[in-house]
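Here's entry_32.txt, which has compact mmCIF, C-alpha atoms:
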```txt
# COMPACT_ATOMS: atom_id res chain seq x y z
CA ARG L 562 -109.55 195.59 67.99
CA ILE L 563 -112.22 195.53 70.71
CA LEU L 564 -111.98 198.02 73.57
CA PRO L 565 -114.13 197.89 76.75
CA GLY L 566 -117.87 197.88 76.01
CA GLU L 567 -117.25 198.12 72.28
CA THR L 568 -119.06 196.43 69.38
CA ASP L 569 -117.65 196.68 65.86
CA ARG L 570 -120.14 196.62 62.96
CA TYR L 571 -119.59 196.05 59.25
CA ARG L 572 -122.24 196.53 56.59
CA PHE L 573 -122.37 194.62 53.28
CA THR L 574 -124.76 193.79 50.45
CA ALA L 575 -125.69 190.21 49.58
CA ARG L 576 -127.78 188.53 46.91
CA ARG L 577 -130.40 185.90 47.57
CA GLY L 578 -128.86 182.42 47.59
CA GLN L 579 -125.28 183.56 48.19
CA ARG L 580 -123.49 181.10 50.47
CA LEU L 581 -121.52 183.38 52.75
CA VAL L 582 -118.85 182.48 55.26
CA CYS L 583 -118.15 184.85 58.13
CA ALA L 584 -115.19 183.66 60.18
CA VAL L 585 -113.19 185.22 63.00
CA GLN L 586 -109.61 184.67 64.07
CA ALA L 587 -109.16 185.96 67.61
CA ARG L 588 -108.16 183.18 70.00
CA ALA L 589 -106.20 181.69 67.10
CA LEU L 590 -104.05 184.83 67.03
CA ILE L 591 -103.49 185.21 70.78
CA PRO L 592 -104.52 182.00 72.58
CA PHE L 593 -103.89 183.21 76.13
CA LEU L 594 -103.45 186.59 77.84
CA ALA L 595 -101.42 186.02 80.98
CA ASP L 596 -102.53 189.21 82.76
CA ALA L 597 -106.22 189.18 81.73
CA VAL L 598 -109.25 187.69 83.46
CA PRO L 599 -110.35 185.07 82.47
CA GLY L 600 -107.34 185.11 80.19
CA TRP L 601 -108.61 185.44 76.63
CA PHE L 602 -110.80 187.30 74.16
CA GLN L 603 -114.08 185.40 73.58
CA ALA L 604 -115.41 186.83 70.33
CA VAL L 605 -119.08 186.52 69.37
CA LEU L 606 -120.68 187.23 65.98
CA THR L 607 -124.21 188.45 65.22
CA LEU L 608 -125.61 188.84 61.71
CA ARG L 609 -128.57 191.18 61.13
CA ASP L 610 -130.73 191.98 58.12
CA ALA L 611 -131.64 195.47 56.88
CA SER L 612 -134.42 195.80 59.48
CA GLY L 613 -132.00 195.03 62.33
CA ALA L 614 -133.47 191.57 63.00
CA GLU L 615 -130.98 188.92 64.05
CA VAL L 616 -130.64 186.23 61.36
CA ALA L 617 -127.60 184.35 62.69
CA TYR L 618 -125.46 184.21 65.84
CA CYS L 619 -122.34 182.30 66.87
CA ASP L 620 -119.96 182.36 69.83
CA ASP L 621 -118.05 179.14 69.03
CA TYR L 622 -117.65 177.07 65.89
CA ARG L 623 -118.37 173.52 67.02
CA LEU L 624 -115.89 173.30 69.89
CA GLN L 625 -113.42 175.89 68.66
CA PRO L 626 -113.59 179.23 70.53
CA ASP L 627 -113.50 181.44 67.44
CA PRO L 628 -116.96 181.88 65.86
CA VAL L 629 -117.92 181.02 62.28
CA ILE L 630 -121.28 181.78 60.63
CA LEU L 631 -122.25 179.81 57.51
CA PHE L 632 -125.13 181.74 56.00
CA GLU L 633 -127.22 181.45 52.85
CA ALA L 634 -128.73 184.86 52.16
CA PRO L 635 -132.55 184.56 52.09
CA ALA L 636 -133.06 187.78 50.12
CA ASP L 637 -131.25 190.54 48.28
CA GLY L 638 -130.35 193.39 50.56
CA GLU L 639 -128.07 194.93 53.08
CA TYR L 640 -126.79 192.99 56.10
CA THR L 641 -124.67 193.91 59.11
CA VAL L 642 -122.22 191.71 60.98
CA GLU L 643 -121.37 192.61 64.59
CA ILE L 644 -118.39 191.44 66.63
CA ARG L 645 -117.83 191.95 70.35
CA ASP L 646 -116.54 190.16 73.43
CA ALA L 647 -119.02 187.79 75.09
CA LEU L 648 -118.79 189.78 78.35
CA PHE L 649 -118.31 193.21 76.70
CA ARG L 650 -114.72 193.30 77.89
CA GLY L 651 -111.94 194.84 75.81
CA ARG L 652 -108.24 195.70 75.73
CA GLU L 653 -105.64 196.83 73.26
CA ASP L 654 -104.70 193.20 72.65
CA PHE L 655 -108.30 192.00 72.01
CA VAL L 656 -107.48 191.88 68.30
CA TYR L 657 -109.20 189.95 65.53
CA ARG L 658 -109.27 189.27 61.81
CA LEU L 659 -112.73 188.95 60.23
CA ALA L 660 -113.12 187.14 56.88
CA LEU L 661 -116.41 187.59 54.99
CA GLY L 662 -117.51 186.44 51.56
CA GLU L 663 -118.17 183.46 49.32
CA LEU L 664 -115.07 181.83 50.73
CA PRO L 665 -114.06 178.13 50.59
CA PHE L 666 -114.67 176.49 53.98
CA VAL L 667 -114.41 172.75 54.70
CA THR L 668 -116.89 171.27 57.21
CA GLY L 669 -116.09 167.55 56.83
CA VAL L 670 -113.45 165.11 55.57
CA TRP L 671 -114.00 161.43 54.73
CA PRO L 672 -112.12 159.33 55.53
CA PRO L 673 -110.32 161.26 58.29
CA GLY L 674 -107.07 159.42 57.57
CA GLY L 675 -105.32 156.92 55.38
CA PRO L 676 -102.18 154.86 54.83
CA ALA L 677 -98.89 156.71 54.69
CA ASP L 678 -97.05 156.89 51.38
CA GLN L 679 -99.99 155.53 49.38
CA PRO L 680 -102.61 157.36 47.27
CA CYS L 681 -105.80 157.97 49.24
CA SER L 682 -109.12 159.26 47.89
CA VAL L 683 -110.66 161.94 50.13
CA CYS L 684 -114.19 163.35 49.95
CA LEU L 685 -114.83 166.86 51.31
CA SER L 686 -118.00 168.63 52.35
CA GLY L 687 -118.30 172.35 52.92
CA TRP L 688 -119.10 175.74 51.42
CA ASN L 689 -117.89 177.24 48.14
CA LEU L 690 -115.48 174.40 47.33
CA ASP L 691 -114.12 174.18 43.79
CA ALA L 692 -113.69 170.42 44.18
CA THR L 693 -115.01 167.95 46.75
CA ASN L 694 -112.81 165.00 45.81
CA LEU L 695 -109.06 164.84 45.85
CA THR L 696 -106.30 162.25 45.99
CA VAL L 697 -103.58 162.74 48.59
CA ARG L 698 -100.32 160.95 49.24
CA LEU L 699 -98.67 161.76 52.55
CA PRO L 700 -95.07 160.53 52.86
CA ARG L 701 -94.92 159.80 56.59
CA PRO L 702 -97.17 158.93 59.56
CA GLY L 703 -98.65 161.78 61.60
CA ILE L 704 -101.32 164.45 61.46
CA HIS L 705 -100.96 166.58 58.34
CA ARG L 706 -102.61 169.70 56.95
CA LEU L 707 -104.46 169.08 53.69
CA GLU L 708 -104.29 171.67 50.92
CA PRO L 709 -106.45 171.99 47.78
CA LEU L 710 -104.90 171.42 44.39
CA GLY L 711 -103.61 174.26 42.24
CA GLY L 712 -102.13 176.42 44.99
CA ALA L 713 -105.48 177.70 46.32
CA ARG L 714 -106.27 177.85 50.04
CA TRP L 715 -109.25 176.92 52.15
CA LEU L 716 -110.22 179.42 54.82
CA ASN L 717 -109.88 176.87 57.63
CA GLU L 718 -107.27 174.28 58.54
CA VAL L 719 -108.12 170.74 57.41
CA ARG L 720 -106.31 167.92 59.23
CA PHE L 721 -105.72 164.39 57.95
CA ALA L 722 -104.01 161.46 59.70
CA ALA L 723 -101.56 159.09 58.04
CA ASP L 724 -100.37 155.81 59.55
CA THR L 725 -98.74 152.48 58.72
CA LEU L 726 -101.31 150.10 60.25
CA PRO L 727 -103.95 148.29 58.16
CA GLU L 728 -107.11 150.39 57.70
CA ILE L 729 -110.81 149.53 57.40
CA ALA L 730 -114.08 151.46 57.56
CA ASP L 731 -116.77 150.93 60.20
CA ALA L 732 -119.63 148.81 58.85
CA GLU L 733 -123.15 149.82 59.81
CA PRO L 734 -125.32 148.61 61.42
CA ASN L 735 -123.00 148.02 64.37
CA ASP L 736 -124.93 149.89 67.07
CA THR L 737 -125.56 146.94 69.43
CA PRO L 738 -123.42 144.14 70.91
CA ALA L 739 -125.31 141.62 68.78
CA ALA L 740 -124.38 143.52 65.62
CA ALA L 741 -120.82 144.37 66.66
CA GLN L 742 -118.27 144.56 63.87
CA SER L 743 -115.47 142.00 64.25
CA LEU L 744 -111.91 143.34 64.43
CA ALA L 745 -108.51 141.69 64.34
CA GLY L 746 -105.75 143.99 65.49
CA PRO L 747 -103.61 145.83 64.95
CA VAL L 748 -105.98 147.92 62.85
CA ILE L 749 -107.27 151.46 62.33
CA VAL L 750 -111.02 151.93 61.86
CA ASN L 751 -112.23 155.00 60.00
CA GLY L 752 -115.68 155.57 61.46
CA ARG L 753 -118.38 158.15 61.86
CA VAL L 754 -120.99 158.88 64.55
CA ASP L 755 -123.51 160.04 61.99
CA ARG L 756 -126.72 160.63 63.92
CA PRO L 757 -127.81 161.47 67.48
CA GLY L 758 -127.60 158.42 69.75
CA ASP L 759 -125.40 156.47 67.34
CA ALA L 760 -122.86 154.09 68.86
CA ASP L 761 -120.31 151.91 67.10
CA CYS L 762 -119.61 148.48 68.63
CA PHE L 763 -116.59 146.34 67.82
CA ALA L 764 -115.86 142.75 68.91
CA LEU L 765 -112.39 141.27 69.21
CA THR L 766 -110.95 138.05 70.55
CA GLY L 767 -108.25 138.31 73.20
CA ARG L 768 -106.17 135.95 75.30
CA THR L 769 -105.34 135.99 79.00
CA GLY L 770 -102.56 138.46 79.75
CA GLU L 771 -102.66 140.25 76.42
CA VAL L 772 -102.50 144.06 76.55
CA LEU L 773 -105.21 145.81 74.55
CA VAL L 774 -104.69 149.44 73.51
CA ALA L 775 -107.56 151.40 71.98
CA GLU L 776 -107.23 155.09 71.10
CA VAL L 777 -109.54 157.54 69.32
CA ARG L 778 -108.26 160.39 67.18
CA ALA L 779 -111.16 162.73 66.53
CA ARG L 780 -110.82 166.12 68.24
CA ARG L 781 -107.13 166.21 67.31
CA LEU L 782 -108.27 165.97 63.68
CA GLY L 783 -110.78 168.81 64.06
CA SER L 784 -113.85 166.63 64.63
CA PRO L 785 -116.60 167.89 66.97
CA LEU L 786 -116.94 164.33 68.37
CA ASP L 787 -116.39 164.08 72.14
CA ALA L 788 -115.82 160.34 72.15
CA ARG L 789 -116.16 157.83 74.98
CA LEU L 790 -114.74 154.31 74.86
CA THR L 791 -116.03 151.39 76.95
CA LEU L 792 -114.48 147.91 77.05
CA SER L 793 -116.54 144.95 78.28
CA ASP L 794 -115.32 141.42 79.02
CA PRO L 795 -116.85 138.22 77.56
CA ALA L 796 -119.49 138.26 80.35
CA ARG L 797 -120.40 141.86 79.35
CA ARG L 798 -118.98 143.35 82.54
CA VAL L 799 -117.34 146.75 82.05
CA LEU L 800 -113.57 146.41 82.37
CA ALA L 801 -112.57 149.97 81.58
CA ALA L 802 -113.94 153.23 80.22
CA ASN L 803 -112.42 156.55 79.24
CA ASP L 804 -113.78 159.90 78.09
CA ASP L 805 -110.77 162.24 77.95
CA HIS L 806 -107.05 161.49 77.86
CA ALA L 807 -104.44 164.23 78.03
CA ASP L 808 -102.10 164.43 75.05
CA PRO L 809 -99.05 166.65 75.72
CA GLY L 810 -98.57 166.94 71.96
CA ALA L 811 -102.04 168.38 71.30
CA GLY L 812 -100.78 171.95 71.23
CA LEU L 813 -103.37 174.59 72.07
CA ASP L 814 -106.34 172.22 72.39
CA THR L 815 -107.46 172.84 75.96
CA HIS L 816 -110.07 170.05 75.97
CA HIS L 817 -108.31 166.72 75.53
CA ALA L 818 -111.47 165.02 74.32
CA ASP L 819 -110.00 161.90 72.69
CA PRO L 820 -110.17 158.73 74.85
CA TYR L 821 -107.44 156.13 75.37
CA LEU L 822 -107.56 152.69 76.99
CA ARG L 823 -104.75 150.30 77.91
CA VAL L 824 -106.00 147.11 79.55
CA THR L 825 -104.44 143.76 80.44
CA LEU L 826 -107.07 141.18 79.49
CA PRO L 827 -108.06 138.90 82.39
CA ALA L 828 -109.30 135.93 80.36
CA THR L 829 -109.47 134.42 76.89
CA GLY L 830 -112.67 135.29 75.05
CA ARG L 831 -114.57 137.78 72.94
CA TYR L 832 -114.42 141.39 74.15
CA LEU L 833 -116.67 144.30 73.18
CA LEU L 834 -115.47 147.84 72.52
CA ARG L 835 -118.16 150.56 72.32
CA LEU L 836 -117.56 154.07 70.95
CA GLU L 837 -120.11 156.87 71.37
CA ASP L 838 -120.39 160.61 71.83
CA THR L 839 -120.52 161.61 75.50
CA GLN L 840 -123.60 163.81 74.93
CA GLY L 841 -125.41 161.44 72.61
```

Please express the file's structure as structure tokens.
Amino acid sequence: RILPGETDRYRFTARRGQRLVCAVQARALIPFLADAVPGWFQAVLTLRDASGAEVAYCDDYRLQPDPVILFEAPADGEYTVEIRDALFRGREDFVYRLALGELPFVTGVWPPGGPADQPCSVCLSGWNLDATNLTVRLPRPGIHRLEPLGGARWLNEVRFAADTLPEIADAEPNDTPAAAQSLAGPVIVNGRVDRPGDADCFALTGRTGEVLVAEVRARRLGSPLDARLTLSDPARRVLAANDDHADPGAGLDTHHADPYLRVTLPATGRYLLRLEDTQG
């Protein structure tokens, strides 16, 4: 618990090369304090070596408010982790749980989804994982929580989408209109914005009066992507664009970062759909 002006410190010994995870649950425990200003506990973590020098700092993990430090110890020795509120506030209900150690933590899932009620091979990236490949079979459409085999647990929640539509992967290079990947709907594309400035372009043929729906699921699956969708007509004029679309079913996600488009097509021809991160 953090009281006004307080910093809690914990000292531990690490060996060179240890891959340590230091993760806080604070906002995850109490998402909103109705009578507080601004209404929540914003925890920050600082990691220091034996000399007191800062070696790592975090106030958010990607776009989640609770901080996580992924740290490979550069030398044997004693380290200290500090936790406090970003503005040095505190109350009796500024509570937290701090996990520290060589703990299993997943940083990426590929693909982010698959067909419902069929075996799907999933590749994981992360820290201290016993296995990075698993086969899952999810019985019904929706967003599910993945679990490792054998009854173990990862430190963080890992989400995976299941659906009944046909599925394909994005095919690079598809960064420009000239190299756009052809789509025939209805379809789900499992894609990845894998470098700064990357954009994925998709071309599809539509007829006058057809209704095109395009929706991204990224943030709702735990991705740091803040996607933007842009639809252009056959003359390359922008018909519609969307950055954020509110999803009442998104629970405690306060930034509805996944875009959604619904457009009645004005003419028959080849349309271009461009997906990119809003900040490049």

Worksheet item: Between L:Arg609, L:Arg645, L:Arg753, L:Arg768, which is the closest to L:Arg562 once you count only C-alpha atoms?
Response: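 Between L:Arg609, L:Arg645, L:Arg753, L:Arg768, the residue approaching L:Arg562 most closely is L:Arg645.
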
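Take the candidates L:Arg588, L:Arg698, L:Arg577, L:Arg835 and check each one against L:Arg789 using all atoms listed in the file; the shortest distance goes to L:Arg835.
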
Item to complete: Calculate how many Å separate atom CA of L:Gly651 from atom CA of L:Ile563, rounding to one decimal.
Response: 5.2 Å

Item to complete: For L:Val799, work out the shell of residues within 12 Å, counting only C-alpha atoms and skipping chain neighbours fewer than 4 positions away, then give it as a list in words.
Response: Leu790, Thr791, Leu792, Ser793, Asp794, Pro795, Asn803, Val824, Leu826, Tyr832, Leu833, Leu834 and Arg835 of chain L

Worksheet item: Residues at most 8 Å from L:Arg781, counting only C-alpha atoms, excluding those fewer than 3 positions away in the same chain, as a count of residues only?
Response: 5

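Interatomic distance, atom CA of L:Arg706 against atom CA of L:Ala775: 24.2 Å.
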
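In terms of minimum interatomic distance to L:Val748, L:Gly675 ranks closest within L:Gly675, L:Thr641, L:Ala796, L:Asn694, counting all atoms listed in the file.
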
Fill in: Distance criterion (only C-alpha atoms): nearest to L:Asp755 out of L:Glu728, L:Glu718, L:Glu837, L:Asp691
L:Glu837

Fill in: Top pick for closest residue to L:Cys684, considering L:Val697, L:Val670, L:Leu608, L:Ala614 and counting only C-alpha atoms
L:Val670

Discussion item. For a test of reading the model, state the distance in Å between atom CA of L:Gly783 and atom CA of L:Thr668, rounded to one decimal.
Written reply: 9.5 Å

If you count only C-alpha atoms, which residues fall within 10 Å of stretch 737-745 of chain L, apart from same-chain ones fewer than 3 positions away, as a JSON list (two decimals) with C-alpha atoms, in the frame of the given file?
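Written out: result15.json:
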```json
[["chain", "number", "residue", "atom", "x", "y", "z"],
["L", 729, "ILE", "CA", -110.81, 149.53, 57.40],
["L", 731, "ASP", "CA", -116.77, 150.93, 60.20],
["L", 732, "ALA", "CA", -119.63, 148.81, 58.85],
["L", 733, "GLU", "CA", -123.15, 149.82, 59.81],
["L", 734, "PRO", "CA", -125.32, 148.61, 61.42],
["L", 748, "VAL", "CA", -105.98, 147.92, 62.85],
["L", 749, "ILE", "CA", -107.27, 151.46, 62.33],
["L", 750, "VAL", "CA", -111.02, 151.93, 61.86],
["L", 759, "ASP", "CA", -125.40, 156.47, 67.34],
["L", 760, "ALA", "CA", -122.86, 154.09, 68.86],
["L", 761, "ASP", "CA", -120.31, 151.91, 67.10],
["L", 762, "CYS", "CA", -119.61, 148.48, 68.63],
["L", 763, "PHE", "CA", -116.59, 146.34, 67.82],
["L", 764, "ALA", "CA", -115.86, 142.75, 68.91],
["L", 765, "LEU", "CA", -112.39, 141.27, 69.21],
["L", 766, "THR", "CA", -110.95, 138.05, 70.55],
["L", 767, "GLY", "CA", -108.25, 138.31, 73.20],
["L", 797, "ARG", "CA", -120.40, 141.86, 79.35],
["L", 831, "ARG", "CA", -114.57, 137.78, 72.94],
["L", 832, "TYR", "CA", -114.42, 141.39, 74.15],
["L", 833, "LEU", "CA", -116.67, 144.30, 73.18],
["L", 834, "LEU", "CA", -115.47, 147.84, 72.52],
["L", 835, "ARG", "CA", -118.16, 150.56, 72.32]]
```

Worksheet item: Leaving out L:Arg650 and any residue of its chain fewer than 3 positions from it, which residues lie within 6 Å of it when counting all atoms listed in the file, given as a PyMOL selection string?
Response: chain L and resi 565-566+646

Around all listed atoms of stretch 572-587 of chain L, padded 5 Å per side, what centre and edge lengths does the axis-aligned box have in Å to one decimal, as AutoDock Vina command-line options?
```
--center_x -119.8 --center_y 188.8 --center_z 57.3 --size_x 31.2 --size_y 25.4 --size_z 30.7
```

Worksheet item: Which is closer to L:Asp838 than all the others in L:His816, L:Asp808, L:Pro757, L:Phe721, using all atoms listed in the file?
Response: L:Pro757

Discussion item. Is it possible to get the residues within 9 Å of (-121.9, 186.6, 65.5) (coordinates as in the file, counting all atoms listed in the file) written as a list in words?
Written reply: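 Checking each residue against the 9 Å limit leaves Cys583, Ala604, Val605, Leu606, Thr607, Leu608, Ala617, Tyr618, Cys619, Asp620, Pro628, Val629, Ile630, Val642, Glu643, Ile644 and Arg645 of chain L.
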
Please complete stretch 569-580 of chain L so it has all heavy atoms, and hand it over as a CSV table (one decimal), keeping the file's coordinate frame.
```
chain,number,residue,atom,x,y,z
L,569,ASP,N,-118.0,196.2,67.2
L,569,ASP,CA,-117.6,196.7,65.9
L,569,ASP,C,-118.7,196.1,64.9
L,569,ASP,O,-119.1,195.0,65.0
L,569,ASP,CB,-116.3,196.2,65.5
L,569,ASP,CG,-115.1,196.9,66.2
L,569,ASP,OD1,-115.4,197.9,66.9
L,569,ASP,OD2,-114.0,196.5,66.0
L,570,ARG,N,-119.1,197.0,63.9
L,570,ARG,CA,-120.1,196.6,63.0
L,570,ARG,C,-119.6,196.9,61.5
L,570,ARG,O,-119.0,197.9,61.3
L,570,ARG,CB,-121.4,197.4,63.2
L,570,ARG,CG,-122.1,197.1,64.5
L,570,ARG,CD,-123.3,198.0,64.8
L,570,ARG,NE,-124.0,197.6,66.0
L,570,ARG,CZ,-123.7,198.0,67.2
L,570,ARG,NH1,-122.7,198.9,67.4
L,570,ARG,NH2,-124.3,197.6,68.3
L,571,TYR,N,-120.0,195.9,60.7
L,571,TYR,CA,-119.6,196.0,59.2
L,571,TYR,C,-120.8,195.8,58.4
L,571,TYR,O,-121.5,194.8,58.6
L,571,TYR,CB,-118.5,195.1,58.9
L,571,TYR,CG,-117.2,195.3,59.8
L,571,TYR,CD1,-117.0,194.6,60.9
L,571,TYR,CD2,-116.3,196.3,59.4
L,571,TYR,CE1,-115.9,194.8,61.7
L,571,TYR,CE2,-115.1,196.5,60.2
L,571,TYR,CZ,-115.0,195.8,61.3
L,571,TYR,OH,-113.8,196.0,62.1
L,572,ARG,N,-121.1,196.6,57.4
L,572,ARG,CA,-122.2,196.5,56.6
L,572,ARG,C,-121.8,196.0,55.2
L,572,ARG,O,-120.8,196.4,54.6
L,572,ARG,CB,-122.9,197.9,56.5
L,572,ARG,CG,-124.3,197.9,56.0
L,572,ARG,CD,-125.0,199.3,56.3
L,572,ARG,NE,-124.2,200.4,55.8
L,572,ARG,CZ,-124.1,201.5,56.5
L,572,ARG,NH1,-124.7,201.7,57.7
L,572,ARG,NH2,-123.4,202.5,56.1
L,573,PHE,N,-122.7,195.1,54.6
L,573,PHE,CA,-122.4,194.6,53.3
L,573,PHE,C,-123.7,194.3,52.6
L,573,PHE,O,-124.7,194.1,53.2
L,573,PHE,CB,-121.5,193.4,53.4
L,573,PHE,CG,-122.1,192.2,54.1
L,573,PHE,CD1,-122.8,191.2,53.4
L,573,PHE,CD2,-122.1,192.1,55.5
L,573,PHE,CE1,-123.3,190.1,54.0
L,573,PHE,CE2,-122.6,191.0,56.2
L,573,PHE,CZ,-123.3,190.0,55.4
L,574,THR,N,-123.6,194.2,51.3
L,574,THR,CA,-124.8,193.8,50.4
L,574,THR,C,-124.6,192.4,50.0
L,574,THR,O,-123.5,191.9,49.6
L,574,THR,CB,-124.9,194.7,49.2
L,574,THR,OG1,-125.0,196.1,49.7
L,574,THR,CG2,-126.1,194.4,48.4
L,575,ALA,N,-125.7,191.6,50.0
L,575,ALA,CA,-125.7,190.2,49.6
L,575,ALA,C,-126.9,190.0,48.7
L,575,ALA,O,-127.9,190.6,48.7
L,575,ALA,CB,-125.8,189.3,50.8
L,576,ARG,N,-126.7,189.0,47.8
L,576,ARG,CA,-127.8,188.5,46.9
L,576,ARG,C,-128.4,187.3,47.4
L,576,ARG,O,-127.8,186.4,48.1
L,576,ARG,CB,-127.2,188.3,45.5
L,576,ARG,CG,-126.6,189.5,44.8
L,576,ARG,CD,-126.1,189.1,43.4
L,576,ARG,NE,-125.4,187.9,43.3
L,576,ARG,CZ,-124.1,187.8,43.5
L,576,ARG,NH1,-123.4,188.9,43.9
L,576,ARG,NH2,-123.4,186.7,43.4
L,577,ARG,N,-129.7,187.1,47.1
L,577,ARG,CA,-130.4,185.9,47.6
L,577,ARG,C,-129.7,184.6,47.1
L,577,ARG,O,-129.3,184.6,45.9
L,577,ARG,CB,-131.8,185.9,47.0
L,577,ARG,CG,-132.6,184.7,47.4
L,577,ARG,CD,-134.0,184.8,46.8
L,577,ARG,NE,-134.8,183.6,47.2
L,577,ARG,CZ,-136.0,183.3,46.8
L,577,ARG,NH1,-136.7,184.2,46.0
L,577,ARG,NH2,-136.6,182.2,47.1
L,578,GLY,N,-129.5,183.7,48.0
L,578,GLY,CA,-128.9,182.4,47.6
L,578,GLY,C,-127.4,182.4,47.7
L,578,GLY,O,-126.7,181.3,47.6
L,579,GLN,N,-126.7,183.5,48.0
L,579,GLN,CA,-125.3,183.6,48.2
L,579,GLN,C,-124.9,182.8,49.4
L,579,GLN,O,-125.6,182.9,50.5
L,579,GLN,CB,-124.8,185.0,48.4
L,579,GLN,CG,-124.4,185.7,47.1
L,579,GLN,CD,-123.6,187.0,47.3
L,579,GLN,OE1,-124.2,187.9,48.0
L,579,GLN,NE2,-122.4,187.1,46.8
L,580,ARG,N,-123.9,181.9,49.3
L,580,ARG,CA,-123.5,181.1,50.5
L,580,ARG,C,-122.3,181.8,51.1
L,580,ARG,O,-121.2,181.7,50.6
L,580,ARG,CB,-123.2,179.7,50.0
L,580,ARG,CG,-124.5,178.9,49.6
L,580,ARG,CD,-124.2,177.6,48.9
L,580,ARG,NE,-123.4,176.7,49.7
L,580,ARG,CZ,-123.9,175.9,50.6
L,580,ARG,NH1,-125.2,175.9,50.8
L,580,ARG,NH2,-123.1,175.0,51.2
```
